[in-house]
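Next comes input36.txt, with compact mmCIF, C-alpha atoms.
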# COMPACT_ATOMS: atom_id res chain seq x y z
CA MET A 1 0.00 0.00 0.00
CA THR A 2 1.09 3.53 -0.64
CA ASP A 3 1.47 6.16 2.04
CA ALA A 4 -0.70 9.22 1.85
CA PRO A 5 1.20 11.74 -0.25
CA ALA A 6 2.06 15.08 1.23
CA THR A 7 0.67 18.20 -0.41
CA PRO A 8 3.26 19.84 -2.65
CA GLN A 9 4.42 23.29 -1.71
CA LYS A 10 3.31 25.91 -4.23
CA ARG A 11 6.13 27.69 -6.02
CA TYR A 12 6.47 29.34 -9.40
CA GLY A 13 8.00 27.14 -12.05
CA THR A 14 11.00 28.24 -14.02
CA ALA A 15 11.96 27.31 -17.58
CA GLY A 16 14.25 24.70 -16.02
CA ASP A 17 11.27 23.02 -14.35
CA TYR A 18 9.49 22.69 -17.68
CA VAL A 19 12.66 21.27 -19.23
CA GLN A 20 12.87 18.73 -16.39
CA LEU A 21 9.31 17.73 -17.21
CA LEU A 22 10.58 16.50 -20.59
CA LYS A 23 13.12 14.12 -18.98
CA PRO A 24 16.13 15.59 -20.80
CA ARG A 25 18.55 12.76 -19.98
CA ILE A 26 16.26 10.16 -21.52
CA MET A 27 15.67 12.55 -24.40
CA MET A 28 19.40 12.71 -25.13
CA LEU A 29 19.66 8.92 -25.33
CA VAL A 30 16.53 8.76 -27.48
CA VAL A 31 17.85 11.40 -29.88
CA PHE A 32 21.23 9.70 -30.07
CA THR A 33 19.76 6.30 -30.97
CA ALA A 34 17.39 7.94 -33.49
CA VAL A 35 20.37 9.64 -35.18
CA ALA A 36 22.13 6.27 -35.25
CA GLY A 37 19.14 4.74 -37.06
CA LEU A 38 19.03 7.65 -39.48
CA VAL A 39 22.75 7.51 -40.26
CA ALA A 40 22.79 3.70 -40.54
CA ALA A 41 19.84 3.78 -42.96
CA THR A 42 21.70 6.25 -45.15
CA GLY A 43 24.88 4.18 -45.04
CA VAL A 44 23.22 0.84 -45.73
CA THR A 45 20.68 1.85 -48.40
CA GLY A 46 22.50 4.78 -50.00
CA LEU A 47 19.33 6.86 -49.74
CA THR A 48 19.86 10.41 -48.57
CA MET A 49 17.65 12.86 -46.76
CA ASN A 50 17.65 16.64 -47.02
CA PRO A 51 19.84 17.76 -44.06
CA LEU A 52 17.25 20.29 -42.89
CA MET A 53 14.50 17.67 -43.06
CA ALA A 54 16.73 15.24 -41.17
CA ALA A 55 17.33 17.85 -38.47
CA ILE A 56 13.60 18.52 -38.16
CA ALA A 57 12.92 14.77 -37.99
CA VAL A 58 15.42 14.45 -35.14
CA LEU A 59 13.81 17.44 -33.41
CA ALA A 60 10.44 15.71 -33.79
CA VAL A 61 11.83 12.62 -32.07
CA ALA A 62 13.16 14.82 -29.24
CA LEU A 63 9.79 16.55 -28.87
CA GLY A 64 8.00 13.18 -28.91
CA SER A 65 10.31 11.89 -26.19
CA GLY A 66 9.68 15.01 -24.12
CA ALA A 67 5.93 14.69 -24.64
CA ALA A 68 5.97 11.09 -23.43
CA GLY A 69 8.04 12.19 -20.42
CA ALA A 70 5.53 14.92 -19.53
CA ILE A 71 2.62 12.47 -19.80
CA ASN A 72 4.55 10.02 -17.61
CA MET A 73 5.24 12.68 -14.96
CA TRP A 74 1.61 13.80 -15.04
CA TYR A 75 0.32 10.29 -14.40
CA ASP A 76 3.01 9.28 -11.92
CA SER A 77 2.99 12.47 -9.85
CA ASP A 78 1.33 10.63 -6.94
CA ILE A 79 4.06 7.99 -6.63
CA ASP A 80 6.81 10.49 -7.51
CA LEU A 81 5.84 12.38 -4.36
CA ILE A 82 6.35 9.26 -2.26
CA MET A 83 9.77 8.26 -3.58
CA THR A 84 12.75 10.34 -2.42
CA ARG A 85 14.53 10.01 -5.79
CA THR A 86 11.59 11.54 -7.66
CA SER A 87 10.10 13.86 -5.05
CA THR A 88 11.99 16.85 -6.43
CA ARG A 89 10.46 16.49 -9.90
CA PRO A 90 8.51 19.53 -11.16
CA ILE A 91 5.00 18.28 -10.29
CA PRO A 92 5.61 16.83 -6.80
CA SER A 93 7.73 19.85 -5.91
CA GLY A 94 4.80 22.12 -6.80
CA ALA A 95 6.60 23.98 -9.59
CA VAL A 96 4.38 22.80 -12.43
CA PRO A 97 0.62 22.13 -12.08
CA ARG A 98 -0.51 18.66 -13.22
CA GLU A 99 -2.94 20.07 -15.77
CA GLU A 100 -0.16 22.09 -17.39
CA ALA A 101 2.01 18.99 -17.61
CA ILE A 102 -0.63 16.91 -19.40
CA ALA A 103 -1.56 19.81 -21.69
CA MET A 104 2.10 20.24 -22.58
CA GLY A 105 2.50 16.50 -23.16
CA LEU A 106 -0.52 16.23 -25.44
CA ILE A 107 0.24 19.36 -27.46
CA MET A 108 3.86 18.34 -27.90
CA SER A 109 2.79 14.86 -28.98
CA GLY A 110 0.64 16.33 -31.75
CA VAL A 111 3.32 18.81 -32.80
CA SER A 112 6.07 16.17 -32.89
CA VAL A 113 4.04 13.73 -34.99
CA LEU A 114 2.97 16.50 -37.38
CA LEU A 115 6.55 17.72 -37.78
CA MET A 116 7.80 14.19 -38.38
CA TRP A 117 5.16 13.64 -41.05
CA LEU A 118 6.00 16.93 -42.77
CA ALA A 119 9.76 16.35 -42.62
CA SER A 120 9.83 12.67 -43.60
CA ASN A 121 6.92 10.31 -44.20
CA TRP A 122 3.76 8.90 -42.67
CA LEU A 123 5.45 5.67 -41.51
CA ALA A 124 7.99 7.49 -39.35
CA ALA A 125 5.21 9.73 -38.00
CA ALA A 126 3.01 6.71 -37.22
CA LEU A 127 5.89 4.95 -35.44
CA LEU A 128 6.58 8.08 -33.40
CA ALA A 129 2.89 8.39 -32.46
CA PHE A 130 2.82 4.73 -31.45
CA SER A 131 5.98 5.01 -29.36
CA ILE A 132 4.53 7.99 -27.46
CA PHE A 133 1.34 6.00 -26.88
CA TYR A 134 3.43 2.96 -25.87
CA TYR A 135 5.34 4.91 -23.21
CA GLY A 136 2.58 7.23 -22.05
CA VAL A 137 -0.30 4.76 -21.95
CA ILE A 138 0.84 1.13 -22.27
CA TYR A 139 3.88 1.44 -19.99
CA THR A 140 3.01 4.32 -17.65
CA MET A 141 -0.72 3.79 -17.15
CA TRP A 142 -0.95 0.03 -17.48
CA LEU A 143 2.25 -2.01 -17.14
CA LYS A 144 4.21 -0.02 -14.57
CA ARG A 145 1.77 -0.55 -11.72
CA SER A 146 0.45 -3.96 -12.71
CA THR A 147 3.29 -6.37 -13.53
CA PRO A 148 6.93 -7.00 -12.56
CA GLN A 149 7.59 -7.38 -16.30
CA ASN A 150 6.78 -3.67 -16.63
CA ILE A 151 10.19 -2.53 -17.82
CA VAL A 152 10.73 -5.60 -20.01
CA ILE A 153 7.62 -4.98 -22.12
CA GLY A 154 7.78 -1.23 -21.58
CA GLY A 155 11.34 -1.25 -22.87
CA GLY A 156 9.84 -1.43 -26.33
CA ALA A 157 8.91 2.23 -26.09
CA GLY A 158 12.52 3.31 -25.65
CA ALA A 159 13.66 0.96 -28.42
CA PHE A 160 11.65 2.65 -31.16
CA PRO A 161 13.84 5.73 -31.88
CA PRO A 162 16.40 3.98 -34.16
CA VAL A 163 13.51 2.40 -36.08
CA ILE A 164 11.88 5.82 -36.44
CA GLY A 165 15.18 7.30 -37.64
CA TRP A 166 15.54 4.51 -40.21
CA ALA A 167 11.94 4.90 -41.41
CA ALA A 168 12.39 8.66 -41.77
CA VAL A 169 15.10 8.06 -44.39
CA THR A 170 13.84 5.03 -46.27
CA GLY A 171 10.09 4.90 -45.65
CA ASN A 172 10.33 1.28 -44.53
CA VAL A 173 11.71 -0.74 -41.61
CA PRO A 174 13.87 -3.68 -42.69
CA LEU A 175 15.60 -6.26 -40.50
CA ASP A 176 18.57 -4.01 -39.70
CA ALA A 177 16.24 -1.43 -38.15
CA TRP A 178 14.66 -4.10 -35.95
CA ILE A 179 18.11 -5.30 -34.89
CA LEU A 180 18.81 -1.81 -33.52
CA PHE A 181 15.39 -2.02 -31.82
CA ALA A 182 16.31 -5.38 -30.28
CA ILE A 183 19.62 -4.10 -28.92
CA THR A 184 17.85 -1.34 -26.96
CA PHE A 185 15.02 -3.67 -25.99
CA PHE A 186 17.29 -6.31 -24.42
CA TRP A 187 19.54 -3.64 -22.91
CA THR A 188 16.66 -2.10 -20.90
CA PRO A 189 16.08 -4.87 -18.28
CA PRO A 190 19.66 -5.16 -16.95
CA HIS A 191 19.97 -1.37 -17.07
CA PHE A 192 16.77 -0.66 -15.18
CA TRP A 193 16.95 -3.56 -12.73
CA ALA A 194 20.44 -2.47 -11.69
CA LEU A 195 18.84 0.80 -10.59
CA SER A 196 15.86 -0.90 -9.00
CA LEU A 197 18.16 -3.13 -6.92
CA LEU A 198 19.39 0.08 -5.31
CA ALA A 199 15.97 1.69 -4.92
CA HIS A 200 13.63 -1.27 -4.40
CA SER A 201 12.54 -0.06 -0.97
CA GLU A 202 11.37 3.16 -2.60
CA TYR A 203 9.40 1.26 -5.23
CA GLU A 204 7.92 -0.93 -2.51
CA LYS A 205 6.87 2.15 -0.54
CA ALA A 206 5.18 3.55 -3.65
CA GLY A 207 3.51 0.23 -4.50
CA VAL A 208 5.28 -0.25 -7.83
CA PRO A 209 5.74 -3.98 -8.53
CA MET A 210 9.34 -3.89 -9.71
CA LEU A 211 10.99 -7.31 -9.98
CA PRO A 212 13.14 -6.94 -6.81
CA VAL A 213 9.96 -6.05 -4.88
CA THR A 214 7.86 -8.97 -6.13
CA HIS A 215 10.47 -11.71 -6.68
CA GLY A 216 13.38 -10.57 -4.54
CA ALA A 217 16.87 -9.35 -5.29
CA LYS A 218 18.33 -12.82 -6.02
CA ALA A 219 15.84 -13.55 -8.83
CA THR A 220 16.44 -10.06 -10.21
CA ARG A 221 20.21 -10.55 -10.31
CA LEU A 222 19.73 -13.82 -12.21
CA GLN A 223 17.35 -12.16 -14.70
CA MET A 224 19.89 -9.37 -15.20
CA LEU A 225 22.56 -11.92 -16.06
CA LEU A 226 20.28 -13.79 -18.48
CA TYR A 227 19.21 -10.63 -20.29
CA THR A 228 22.84 -9.50 -20.53
CA ILE A 229 23.75 -12.82 -22.18
CA VAL A 230 20.87 -12.39 -24.66
CA LEU A 231 21.93 -8.80 -25.28
CA ALA A 232 25.50 -9.91 -25.99
CA GLY A 233 24.20 -12.24 -28.70
CA VAL A 234 21.72 -9.77 -30.18
CA SER A 235 24.27 -6.96 -30.29
CA MET A 236 26.55 -9.09 -32.51
CA THR A 237 23.87 -9.79 -35.13
CA PRO A 238 24.67 -6.58 -37.10
CA LEU A 239 27.84 -8.42 -38.15
CA LEU A 240 25.71 -11.10 -39.84
CA THR A 241 23.54 -8.68 -41.81
CA GLY A 242 26.37 -6.33 -42.75
CA LEU A 243 25.02 -3.45 -40.68
CA GLY A 244 28.12 -3.58 -38.48
CA GLY A 245 31.69 -3.79 -39.69
CA TRP A 246 35.11 -4.25 -38.11
CA ILE A 247 34.90 -1.20 -35.86
CA TYR A 248 31.49 -2.27 -34.60
CA ALA A 249 32.77 -5.81 -34.02
CA VAL A 250 35.66 -4.62 -31.87
CA VAL A 251 33.61 -2.05 -29.92
CA ALA A 252 30.55 -4.25 -29.34
CA GLY A 253 32.65 -7.31 -28.57
CA THR A 254 34.69 -5.49 -25.94
CA LEU A 255 31.63 -3.82 -24.41
CA ASN A 256 29.82 -7.16 -24.22
CA LEU A 257 32.70 -8.73 -22.32
CA VAL A 258 32.75 -5.86 -19.81
CA PHE A 259 28.95 -5.86 -19.47
CA LEU A 260 28.95 -9.63 -18.88
CA TYR A 261 31.68 -9.16 -16.28
CA HIS A 262 29.47 -6.63 -14.47
CA ALA A 263 26.43 -8.91 -14.73
CA VAL A 264 28.29 -11.95 -13.34
CA ARG A 265 29.73 -9.82 -10.54
CA VAL A 266 26.28 -8.51 -9.56
CA TRP A 267 24.76 -12.00 -9.88
CA ARG A 268 27.31 -13.38 -7.42
CA SER A 269 26.86 -10.44 -5.05
CA HIS A 270 24.13 -9.69 -2.52
CA ALA A 271 23.19 -6.38 -4.11
CA GLY A 272 19.61 -5.47 -3.25
CA ASP A 273 19.41 -7.89 -0.32
CA ALA A 274 18.59 -6.57 3.13
CA GLY A 275 21.83 -5.70 4.88
CA ALA A 276 23.93 -6.12 1.74
CA PRO A 277 27.43 -4.69 2.14
CA GLY A 278 28.19 -1.36 0.54
CA THR A 279 30.62 -2.96 -1.92
CA ASP A 280 27.82 -5.12 -3.35
CA GLN A 281 25.55 -2.11 -3.73
CA LYS A 282 28.38 -0.33 -5.52
CA MET A 283 28.58 -3.23 -7.98
CA ALA A 284 24.95 -2.70 -8.96
CA ARG A 285 25.54 1.01 -9.25
CA SER A 286 28.62 0.59 -11.43
CA MET A 287 26.68 -1.84 -13.66
CA PHE A 288 23.91 0.75 -14.02
CA LEU A 289 26.41 3.45 -14.98
CA PHE A 290 28.27 1.14 -17.37
CA SER A 291 25.01 0.17 -19.08
CA ILE A 292 24.51 3.82 -20.11
CA LEU A 293 28.03 3.92 -21.53
CA TYR A 294 27.40 0.58 -23.27
CA LEU A 295 24.39 1.77 -25.25
CA PHE A 296 26.05 5.07 -26.07
CA LEU A 297 29.22 3.41 -27.44
CA VAL A 298 27.41 0.67 -29.38
CA PHE A 299 25.32 3.23 -31.24
CA ALA A 300 28.31 5.56 -31.56
CA ALA A 301 30.14 2.73 -33.37
CA VAL A 302 27.23 2.45 -35.82
CA ILE A 303 27.27 6.21 -36.42
CA VAL A 304 31.05 6.40 -36.88
CA GLU A 305 31.12 3.50 -39.33
CA HIS A 306 28.35 4.82 -41.56
CA ALA A 307 28.86 8.57 -41.24
CA ALA A 308 32.65 8.67 -41.54
CA GLY A 309 32.92 6.10 -44.31
CA LEU A 310 34.64 3.60 -42.03
CA HIS A 311 32.24 0.74 -42.64
CA PHE A 312 34.27 -2.35 -43.54
CA PRO A 313 31.97 -5.37 -43.41
CA LEU A 314 33.36 -8.66 -42.17
CA LYS A 315 33.85 -10.88 -45.22
CA GLY A 316 32.53 -14.40 -45.20
CA LEU A 317 29.84 -13.86 -42.60
CA MET B 1 -26.65 37.05 -1.42
CA SER B 2 -25.05 39.88 0.43
CA ASP B 3 -26.10 43.41 -0.45
CA ASP B 4 -22.47 44.36 -1.03
CA LEU B 5 -22.08 41.91 -3.90
CA LYS B 6 -22.83 42.92 -7.44
CA PRO B 7 -24.87 40.49 -9.56
CA GLY B 8 -22.75 37.48 -10.55
CA GLU B 9 -19.96 38.09 -8.05
CA ASP B 10 -20.97 35.13 -5.94
CA VAL B 11 -21.23 32.88 -8.99
CA PHE B 12 -18.11 33.59 -11.01
CA PRO B 13 -14.73 33.04 -9.36
CA GLN B 14 -12.51 36.03 -9.08
CA PRO B 15 -9.27 35.91 -11.07
CA ALA B 16 -6.26 34.83 -9.06
CA GLN B 17 -4.37 37.76 -7.67
CA LEU B 18 -0.71 37.26 -8.50
CA ASP B 19 2.06 38.86 -6.57
CA ALA B 20 5.05 40.45 -8.31
CA GLU B 21 6.92 37.14 -8.48
CA GLY B 22 3.87 35.41 -9.88
CA ARG B 23 3.39 38.05 -12.57
CA ALA B 24 7.04 37.80 -13.55
CA ALA B 25 6.77 34.01 -13.80
CA GLN B 26 3.61 34.33 -15.89
CA LYS B 27 5.34 36.80 -18.19
CA ARG B 28 8.31 34.49 -18.66
CA ARG B 29 6.00 31.57 -19.39
CA ASN B 30 4.09 33.59 -21.96
CA MET B 31 7.32 34.61 -23.63
CA TRP B 32 8.49 30.99 -23.92
CA LEU B 33 5.10 29.92 -25.24
CA GLY B 34 5.25 32.67 -27.84
CA LEU B 35 8.75 31.64 -28.90
CA ALA B 36 7.71 28.00 -29.09
CA LEU B 37 4.74 28.90 -31.26
CA LEU B 38 6.95 31.02 -33.50
CA GLY B 39 9.44 28.17 -33.76
CA PHE B 40 6.69 25.77 -34.77
CA VAL B 41 5.45 28.17 -37.47
CA VAL B 42 9.01 28.62 -38.79
CA LEU B 43 9.60 24.84 -38.89
CA VAL B 44 6.34 24.17 -40.73
CA GLY B 45 7.20 26.99 -43.16
CA LEU B 46 10.68 25.58 -43.77
CA THR B 47 9.43 22.05 -44.39
CA THR B 48 6.82 23.39 -46.82
CA VAL B 49 9.42 25.42 -48.75
CA VAL B 50 11.88 22.50 -48.91
CA ARG B 51 9.20 20.04 -49.97
CA LEU B 52 7.77 22.31 -52.66
CA SER B 53 11.19 23.23 -54.03
CA GLY B 54 12.03 19.56 -54.38
CA SER B 55 8.78 18.53 -56.01
CA ASP B 56 7.92 18.41 -59.71
CA THR B 57 4.67 20.29 -60.15
CA ARG B 58 4.29 19.06 -63.73
CA LYS B 59 4.29 15.45 -62.57
CA ALA B 60 2.17 16.31 -59.59
CA GLU B 61 -0.50 17.54 -62.05
CA PHE B 62 -1.86 20.32 -59.94
CA TYR B 63 -5.49 21.01 -60.51
CA TYR B 64 -4.79 24.32 -62.22
CA ASN B 65 -2.62 22.57 -64.78
CA MET B 66 -5.52 20.83 -66.47
CA LYS B 67 -4.16 21.03 -70.02
CA SER B 68 -0.65 19.75 -69.85
CA THR B 69 1.40 20.95 -72.84
CA SER B 70 4.41 18.89 -72.00
CA ALA B 71 5.19 15.64 -73.73
CA PRO B 72 5.00 12.45 -71.72
CA ASP B 73 8.32 11.22 -70.40
CA GLU B 74 8.20 7.93 -72.25
CA ALA B 75 6.20 6.79 -75.24
CA PRO B 76 4.07 3.77 -74.50
CA ALA B 77 5.67 0.51 -75.48
CA LEU B 78 4.56 -0.88 -78.84
CA PRO B 79 3.38 -4.45 -79.21
CA PRO B 80 6.12 -6.84 -80.39
CA GLY B 81 6.71 -6.62 -84.15
CA MET B 82 4.89 -3.30 -84.64
CA ALA B 83 6.81 -0.45 -86.28
CA PRO B 84 6.27 3.11 -84.99
CA ASP B 85 4.67 4.25 -88.29
CA GLN B 86 2.17 1.44 -88.00
CA ALA B 87 1.17 2.72 -84.61
CA ALA B 88 0.60 6.26 -85.91
CA PRO B 89 -3.01 7.25 -86.65
CA PRO B 90 -4.06 6.92 -90.32
CA PRO B 91 -3.53 10.18 -92.30
CA ASN B 92 -7.19 10.46 -93.28
CA LEU B 93 -8.16 10.81 -89.65
CA SER B 94 -8.29 14.33 -88.30
CA GLU B 95 -7.03 15.02 -84.83
CA GLN B 96 -10.10 17.12 -84.28
CA PRO B 97 -13.03 15.07 -83.20
CA VAL B 98 -15.77 14.93 -85.80
CA VAL B 99 -18.94 16.53 -84.56
CA GLU B 100 -21.86 14.71 -85.98
CA GLU B 101 -25.06 16.53 -86.67
CA ASP B 102 -27.81 15.77 -84.35
CA VAL B 103 -30.19 13.27 -85.77
CA ILE B 104 -33.65 13.40 -84.41
CA ILE B 105 -35.45 10.16 -84.58
CA GLU B 106 -39.09 10.45 -84.15
CA GLU B 107 -40.57 7.49 -82.53
CA LYS B 108 -43.78 6.38 -83.99
CA ALA B 109 -46.58 5.54 -81.72
CA PRO B 110 -47.40 1.88 -81.82
CA GLU B 111 -50.29 1.11 -84.06
CA GLN B 112 -53.36 0.08 -82.27
Kindly transcribe the structure held in the file into structure tokens.
Amino acid sequence: MTDAPATPQKRYGTAGDYVQLLKPRIMMLVVFTAVAGLVAATGVTGLTMNPLMAAIAVLAVALGSGAAGAINMWYDSDIDLIMTRTSTRPIPSGAVPREEAIAMGLIMSGVSVLLMWLASNWLAAALLAFSIFYYGVIYTMWLKRSTPQNIVIGGGAGAFPPVIGWAAVTGNVPLDAWILFAITFFWTPPHFWALSLLAHSEYEKAGVPMLPVTHGAKATRLQMLLYTIVLAGVSMTPLLTGLGGWIYAVVAGTLNLVFLYHAVRVWRSHAGDAGAPGTDQKMARSMFLFSILYLFLVFAAVIVEHAAGLHFPLKGL
Amino acid sequence: MSDDLKPGEDVFPQPAQLDAEGRAAQKRRNMWLGLALLGFVVLVGLTTVVRLSGSDTRKAEFYYNMKSTSAPDEAPALPPGMAPDQAAPPPNLSEQPVVEEDVIIEEKAPEQ
């Protein structure tokens, strides 16, 4: 059960509060993976996009991400107030009224989809609209509070940006685009569960059925290891299709080894258990931080190969 | 209703009285909203200009271009074995459509 939330103190919101409403850190990752999809599509298919249209398409993805973030904060403002980590967000802190947050989210959703349609094509716009709906409604309103698989299924929302970027260039979504989707999809559980191992008491207090709350820390650590193994395999599939070349092989291969090392270390630790030593908790934290670097570098390798003309496919695969 | 109240004062809520900080915050918000709206208009304008400059209005066959004077890009393919002069219309045929005189046919009433 959730505790009764305290009433937020009224204060006047600044521009920074409204920016926080858009979850800028998630937005950066979303934009980066969308650019990777866009660049990879150009490199693989040889199709080009007007640079101004490409910039507007990327802006549309950023706005869509921000819109989904605002809708998420609007709906989750009750549990955000309960959890210490989120209690300083714009709505629970009283800086931004809830109705302004939802209005901003809905208007930005419409604007982002319209801009995407104008700058690229209807498929990219439809995918963007669906990803906003996926995050704002399917994940936030349904999955998050109802199942411990919330971030596994909900991870699909964050995996769409490279597919949207690809569709913006080519007007279709071939296998390579879905491989980029799969990398982000299988990356999400070990990334998010590493954080939830550290904050499971907060989720429990707020009544959010995260895996460590419902199945315990030990089961979560095992699931993190399994998903990391799957991710290691999925992240090497670009070598089979020709999407990734030598640079990608070296970068992804090295990152996979380090990520697996982190996952095994956390699996063998007591991170998330009651009374777990500080060193074990640090292991989960370092895995969480490394997971962000992992996704950034994997997609950076894709961008560098295709944008800088350094794509040398592995022969014979 | 109190005698001091004017008609409607007890029904309609009074506008919120903002202090100086509140008014400044409202002004800032309005300015950002205005800039965002302007940005949106500029982006839509830019996309329209780029899209129109890259499009071929002749191929698009805009509604005002009803009578296209341009030649088609490619002549239709001839059947196998047919020479181009065979496909041309016979010389005795005019390109102008022949307007036939109206022929009025009077229907006879059926005989009883």
9 Å contact set for stretch 262-278 of chain A, all atoms listed in the file, chain neighbours under 5 positions out, as number ranges by chain: A: 190, 194, 196-200, 212, 216-218, 220-226, 228-229, 257, 283-284, 286-287, 290
Per-residue nearest contacts chain A to chain B, cut-off 8 Å, using only C-alpha atoms, as a tab-separated table:
residue	atom	partner	partner_atom	distance
A:Tyr12	CA	B:Ala25	CA	6.4
A:Gly13	CA	B:Ala25	CA	7.2
A:Thr14	CA	B:Ala25	CA	7.2
A:Ala15	CA	B:Arg29	CA	7.5
A:Met53	CA	B:Thr47	CA	6.8
A:Ile56	CA	B:Leu43	CA	7.5
A:Val111	CA	B:Phe40	CA	8.0
A:Leu115	CA	B:Val44	CA	7.1
A:Leu118	CA	B:Thr47	CA	6.4
A:Ala119	CA	B:Thr47	CA	6.0
Expected answer as number ranges by chain: all residues with atoms within 10 Å of (25.4, 1.5, -45.3), all atoms listed in the file: A: 39-47, 242-245, 302, 305-307, 309, 311-313
Separation of atom CA of A:Leu21 from atom CA of A:Gly69, in Å and rounded to one decimal: 6.5 Å
Nearest candidate to A:Val298 (options A:Val96, A:Leu260, A:Leu231, A:Met49; using only C-alpha atoms):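 The shortest atom-to-atom distance to A:Val298 comes from A:Leu231.
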Close residues, A:Ala103 itself excluded, 9 Å, all atoms listed in the file, min 5 positions apart in chain, as a list in words: Ala70, Ile71, Arg98 and Met108 of chain A
Distance in Å - atom CA of A:Ala252 versus atom CA of A:Ser131: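 Separating atom CA of A:Ala252 from atom CA of A:Ser131 is a distance of 26.3 Å.
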Point-to-point distance from atom CA of A:Thr86 to atom CA of A:Ala206, Å rounded to tenths: 11.0 Å
Residues near A:Phe299, cut-off 8 Å, only C-alpha atoms, skip fewer than 2 positions along chain, as a PyMOL selection string: chain A and resi 32-33+36+295-297+301-303
Distance query 10 Å from (8.1, -2.2, -17.9) using only C-alpha atoms, result as number ranges by chain: A: 135, 138-140, 142-157, 188-189, 192, 209-211
Selected residue of minimal separation from A:Val173 among A:Ala55, A:Met83, A:Met141, A:Leu127, counting only C-alpha atoms: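 The closest residue to A:Val173 is A:Leu127.
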Distance criterion (only C-alpha atoms): nearest to A:Tyr203 out of A:Leu81, A:Ala219, A:Met236, A:Val304: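 Nearest to A:Tyr203: A:Leu81.
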